[in-house]
Amino acid sequence: MAPAPGTGPRLSADGQVRLLTKVARLYHERGVRQTEIASMLHLSQARVSRLLKRAAELGIVRTVVVVTAGVHTDLEEQLEARYGLLEAVVVDAEGDEQDVLAALGSAGAGYLETTLTGGERLGISSWSATLLAVADRLHPFRTPGADSIIQLVGGVGVASVQAEANRLLSQLASVVGASPTFVPAPGLVGSPDVRAGLLQDPAMGSIASQWRELTMALVGIGSLAPSRLLLDSGNAGGPLEQQHLREAGAVGDVCNRFFAADGSLVASELDDRVVGIDPTTFREIPRRVGLAGGERKRQAVRAALLGGWVNVLVTDVATARALLAD
């Protein structure tokens, strides 16, 4: 905040205005503390404080926010207004998908470090390279940022890839200072009967109750074509199932729940084989943070916003502009 040069109110240059201007310049331009100003001008500190407040009211002092390069508050505010988001985080990301992934990982880590203040019950998607990038960039919390972290879909898969899902949960929980809960089942099983049997297990019943108590979700937004991590894990539908989803209008997913371009749920036979949080329970979580970017995912991101699948978005500048241009 600084005195506005030559743009102040049309006031007579009497002693009061001179005093207001002098106090404002000392405080805002020269960085002199209020106690020192009081001593210099033989005023009480309370009066100095009142003069500074009055200078702001009269327009002698005006606030100017200087936007740092790489900060996109204008785009963030437009996204929040356009899609009814609680918050948007937009970051610079130039290059290929790996560059976008790295940028989103850093932005997601920064978001968690500033918003996880303790007491959260956090759910995370199990098969997300973006969330792995977040976990790798998080700094350890000095005090616990969340009480618990739980997988939102089954984290069992091909052994070499399951290690990544396990690392994601373990590392996030360790850094944040929360207790982890694994879902001891595949995210996608072979038949509805297998899923029904798993859900009757007392351990899965306990996990389902925890899903209903979540205060926050952290998820990747998937395009219709599965990511390499999900595909390699064995938890993605096959080519025929992908074709059926495409014919039904699906453009993307969150936690293996597929939606159309308008964000509406696309029902498919996969629904009865997913071991994970159901769509209704998921969308009742108060804060649902989606991380995604890059040209390949733009249609899916837009659909996720329209359908209310996420209400906080972390994305790149190009995707943000595309979302606002639609």
# chains A, B, ... in the order shown; residues from 1 in each chain; ligands from 1
>>> residues_around(residues="region 251-258 of chain A", least_positions_apart="6", cutoff="10 Å", atoms="only C-alpha atoms", output="PyMOL selection string")
chain A and resi 124-128+151-154+187-188+219-226+230+235-237+245+264-268+270-271+273-279+282+290+297-304+309-310
>>> closest_atom_pairs(of="region 135-184 of chain A", to="region 84-104 of chain A", cutoff="12 Å", atoms="only C-alpha atoms", output="tab-separated table")
residue	atom	partner	partner_atom	distance
A:Ala135	CA	A:Ala102	CA	11.2
A:Asp136	CA	A:Ala102	CA	9.8
A:Arg137	CA	A:Ala102	CA	9.1
>>> select_by_dssp(residues="region 68-234 of chain A", states="alpha helix (DSSP H)", output="PDB file with C-alpha atoms, in the first residue's frame")
ATOM      1  CA  THR A  73      -5.420 -15.248 -10.258  1.00  0.00           C
ATOM      2  CA  ASP A  74      -7.486 -13.784 -13.101  1.00  0.00           C
ATOM      3  CA  LEU A  75      -7.935 -17.191 -14.740  1.00  0.00           C
ATOM      4  CA  GLU A  76      -8.556 -18.812 -11.358  1.00  0.00           C
ATOM      5  CA  GLU A  77     -11.302 -16.330 -10.475  1.00  0.00           C
ATOM      6  CA  GLN A  78     -12.947 -16.766 -13.880  1.00  0.00           C
ATOM      7  CA  LEU A  79     -12.940 -20.562 -13.509  1.00  0.00           C
ATOM      8  CA  GLU A  80     -14.403 -20.318 -10.025  1.00  0.00           C
ATOM      9  CA  ALA A  81     -17.199 -18.057 -11.265  1.00  0.00           C
ATOM     10  CA  ARG A  82     -17.862 -20.026 -14.453  1.00  0.00           C
ATOM     11  CA  TYR A  83     -18.029 -23.487 -12.875  1.00  0.00           C
ATOM     12  CA  GLU A  97       2.676 -34.606 -20.673  1.00  0.00           C
ATOM     13  CA  GLN A  98       5.559 -35.239 -18.282  1.00  0.00           C
ATOM     14  CA  ASP A  99       6.169 -31.502 -17.974  1.00  0.00           C
ATOM     15  CA  VAL A 100       2.474 -30.937 -17.267  1.00  0.00           C
ATOM     16  CA  LEU A 101       2.539 -33.781 -14.738  1.00  0.00           C
ATOM     17  CA  ALA A 102       5.504 -32.236 -12.915  1.00  0.00           C
ATOM     18  CA  ALA A 103       3.841 -28.803 -12.809  1.00  0.00           C
ATOM     19  CA  LEU A 104       0.579 -30.233 -11.488  1.00  0.00           C
ATOM     20  CA  GLY A 105       2.488 -32.248  -8.898  1.00  0.00           C
ATOM     21  CA  SER A 106       4.192 -29.128  -7.570  1.00  0.00           C
ATOM     22  CA  ALA A 107       0.936 -27.145  -7.576  1.00  0.00           C
ATOM     23  CA  GLY A 108      -0.955 -29.944  -5.849  1.00  0.00           C
ATOM     24  CA  ALA A 109       1.729 -30.238  -3.189  1.00  0.00           C
ATOM     25  CA  GLY A 110       1.604 -26.495  -2.583  1.00  0.00           C
ATOM     26  CA  TYR A 111      -2.179 -26.599  -2.307  1.00  0.00           C
ATOM     27  CA  LEU A 112      -2.083 -29.368   0.295  1.00  0.00           C
ATOM     28  CA  GLU A 113       0.658 -27.682   2.287  1.00  0.00           C
ATOM     29  CA  THR A 114      -1.430 -24.518   2.619  1.00  0.00           C
ATOM     30  CA  THR A 115      -4.891 -26.051   3.112  1.00  0.00           C
ATOM     31  CA  ALA A 129       0.387 -40.695 -11.725  1.00  0.00           C
ATOM     32  CA  THR A 130      -0.578 -37.096 -10.938  1.00  0.00           C
ATOM     33  CA  LEU A 131      -1.100 -37.872  -7.254  1.00  0.00           C
ATOM     34  CA  LEU A 132       2.227 -39.709  -7.200  1.00  0.00           C
ATOM     35  CA  ALA A 133       3.821 -36.508  -8.513  1.00  0.00           C
ATOM     36  CA  VAL A 134       2.132 -34.609  -5.668  1.00  0.00           C
ATOM     37  CA  ALA A 135       3.365 -37.070  -3.046  1.00  0.00           C
ATOM     38  CA  ASP A 136       6.926 -36.860  -4.372  1.00  0.00           C
ATOM     39  CA  ARG A 137       6.931 -33.063  -3.993  1.00  0.00           C
ATOM     40  CA  ALA A 159       2.439 -56.671  -8.182  1.00  0.00           C
ATOM     41  CA  SER A 160       4.936 -54.332  -9.846  1.00  0.00           C
ATOM     42  CA  VAL A 161       2.298 -51.615 -10.248  1.00  0.00           C
ATOM     43  CA  GLN A 162       0.561 -52.212  -6.925  1.00  0.00           C
ATOM     44  CA  ALA A 163       3.781 -51.087  -5.286  1.00  0.00           C
ATOM     45  CA  GLU A 164       3.122 -47.616  -6.736  1.00  0.00           C
ATOM     46  CA  ALA A 165      -0.421 -47.491  -5.333  1.00  0.00           C
ATOM     47  CA  ASN A 166       0.900 -48.601  -1.945  1.00  0.00           C
ATOM     48  CA  ARG A 167       3.689 -46.010  -2.085  1.00  0.00           C
ATOM     49  CA  LEU A 168       1.227 -43.267  -2.947  1.00  0.00           C
ATOM     50  CA  LEU A 169      -0.884 -43.905   0.140  1.00  0.00           C
ATOM     51  CA  SER A 170       2.011 -44.669   2.486  1.00  0.00           C
ATOM     52  CA  GLN A 171       4.073 -41.677   1.407  1.00  0.00           C
ATOM     53  CA  LEU A 172       1.182 -39.217   1.561  1.00  0.00           C
ATOM     54  CA  ALA A 173       0.149 -40.457   4.985  1.00  0.00           C
ATOM     55  CA  SER A 174       3.706 -40.315   6.299  1.00  0.00           C
ATOM     56  CA  VAL A 175       4.394 -36.799   5.039  1.00  0.00           C
ATOM     57  CA  VAL A 176       1.035 -35.419   6.168  1.00  0.00           C
ATOM     58  CA  PRO A 192     -20.587 -58.590  -9.950  1.00  0.00           C
ATOM     59  CA  ASP A 193     -20.676 -61.741  -7.795  1.00  0.00           C
ATOM     60  CA  VAL A 194     -17.017 -61.324  -6.851  1.00  0.00           C
ATOM     61  CA  ARG A 195     -17.652 -57.686  -5.946  1.00  0.00           C
ATOM     62  CA  ALA A 196     -20.721 -58.591  -3.883  1.00  0.00           C
ATOM     63  CA  GLY A 197     -18.698 -61.173  -1.970  1.00  0.00           C
ATOM     64  CA  LEU A 198     -15.937 -58.681  -1.234  1.00  0.00           C
ATOM     65  CA  LEU A 199     -18.380 -56.053  -0.002  1.00  0.00           C
ATOM     66  CA  PRO A 202     -16.457 -56.959   7.587  1.00  0.00           C
ATOM     67  CA  ALA A 203     -13.215 -55.191   6.653  1.00  0.00           C
ATOM     68  CA  MET A 204     -14.846 -53.731   3.533  1.00  0.00           C
ATOM     69  CA  GLY A 205     -17.875 -52.731   5.582  1.00  0.00           C
ATOM     70  CA  SER A 206     -15.589 -50.721   7.853  1.00  0.00           C
ATOM     71  CA  ILE A 207     -13.962 -49.057   4.853  1.00  0.00           C
ATOM     72  CA  ALA A 208     -17.340 -48.143   3.361  1.00  0.00           C
ATOM     73  CA  SER A 209     -18.283 -46.430   6.619  1.00  0.00           C
ATOM     74  CA  GLN A 210     -15.056 -44.426   6.463  1.00  0.00           C
ATOM     75  CA  TRP A 211     -15.890 -43.300   2.918  1.00  0.00           C
ATOM     76  CA  ARG A 228      -0.586 -46.282 -18.407  1.00  0.00           C
ATOM     77  CA  LEU A 229      -0.520 -46.767 -14.623  1.00  0.00           C
ATOM     78  CA  LEU A 230      -4.151 -47.907 -14.474  1.00  0.00           C
ATOM     79  CA  LEU A 231      -3.790 -50.103 -17.544  1.00  0.00           C
ATOM     80  CA  ASP A 232      -0.669 -51.798 -16.239  1.00  0.00           C
ATOM     81  CA  SER A 233      -2.305 -52.398 -12.859  1.00  0.00           C
TER      82      SER A 233
END
>>> residues_around(residues="Arg25 (chain A)", least_positions_apart="2", cutoff="12 Å", atoms="only C-alpha atoms", output="PyMOL selection string")
chain A and resi 1-5+18-23+27-34+37+51-52+55-56+60-62
>>> select_by_dssp(residues="region 21-249 of chain A", states="strand (DSSP E or B)", output="MDAnalysis selection string")
chainID A and resid 61:62 87:91 120:124 146:151 153 156 179:181 186 188 216:220 222:223
>>> write_last_selection(atoms="C-alpha atoms", output="PDB file, in the first residue's frame")
ATOM      1  CA  VAL A  61      -3.408   5.674   0.342  1.00  0.00           C
ATOM      2  CA  ARG A  62      -4.561   3.097  -2.198  1.00  0.00           C
ATOM      3  CA  GLU A  87     -11.137 -22.792  -5.633  1.00  0.00           C
ATOM      4  CA  ALA A  88      -9.048 -23.077  -8.788  1.00  0.00           C
ATOM      5  CA  VAL A  89      -5.261 -23.332  -8.975  1.00  0.00           C
ATOM      6  CA  VAL A  90      -3.729 -22.582 -12.381  1.00  0.00           C
ATOM      7  CA  VAL A  91      -0.039 -23.152 -13.098  1.00  0.00           C
ATOM      8  CA  GLU A 120      -9.249 -33.763   7.664  1.00  0.00           C
ATOM      9  CA  ARG A 121     -10.357 -37.256   6.680  1.00  0.00           C
ATOM     10  CA  LEU A 122      -8.893 -37.548   3.192  1.00  0.00           C
ATOM     11  CA  GLY A 123      -9.722 -39.996   0.416  1.00  0.00           C
ATOM     12  CA  ILE A 124      -7.406 -40.501  -2.574  1.00  0.00           C
ATOM     13  CA  ALA A 146      -5.010 -34.804   8.409  1.00  0.00           C
ATOM     14  CA  ASP A 147      -6.262 -37.497  10.746  1.00  0.00           C
ATOM     15  CA  SER A 148      -6.593 -40.252   8.155  1.00  0.00           C
ATOM     16  CA  ILE A 149      -6.070 -41.047   4.472  1.00  0.00           C
ATOM     17  CA  ILE A 150      -7.936 -43.845   2.719  1.00  0.00           C
ATOM     18  CA  GLN A 151      -7.973 -45.240  -0.786  1.00  0.00           C
ATOM     19  CA  VAL A 153     -10.906 -47.632  -4.924  1.00  0.00           C
ATOM     20  CA  VAL A 156      -4.639 -54.360  -5.359  1.00  0.00           C
ATOM     21  CA  SER A 179      -3.002 -42.886   9.485  1.00  0.00           C
ATOM     22  CA  PRO A 180      -3.382 -44.790   6.168  1.00  0.00           C
ATOM     23  CA  THR A 181      -6.141 -47.230   5.238  1.00  0.00           C
ATOM     24  CA  PRO A 186      -8.674 -54.831  -6.832  1.00  0.00           C
ATOM     25  CA  LEU A 188     -12.080 -53.678 -10.802  1.00  0.00           C
ATOM     26  CA  MET A 216     -11.937 -34.157   1.425  1.00  0.00           C
ATOM     27  CA  ALA A 217     -11.037 -36.152  -1.694  1.00  0.00           C
ATOM     28  CA  LEU A 218      -7.902 -35.858  -3.819  1.00  0.00           C
ATOM     29  CA  VAL A 219      -8.316 -37.443  -7.247  1.00  0.00           C
ATOM     30  CA  GLY A 220      -6.984 -37.535 -10.756  1.00  0.00           C
ATOM     31  CA  GLY A 222      -9.083 -39.642 -16.238  1.00  0.00           C
ATOM     32  CA  SER A 223      -9.763 -39.516 -19.955  1.00  0.00           C
TER      33      SER A 223
END
>>> atom_distance(atom1="CA of Glu247 (chain A)", atom2="CA of Gly308 (chain A)")
22.6 Å
>>> atom_distance(atom1="CA of Asp201 (chain A)", atom2="CA of Thr281 (chain A)")
19.4 Å
>>> atom_distance(atom1="CA of Arg283 (chain A)", atom2="CA of Ala322 (chain A)")
24.6 Å
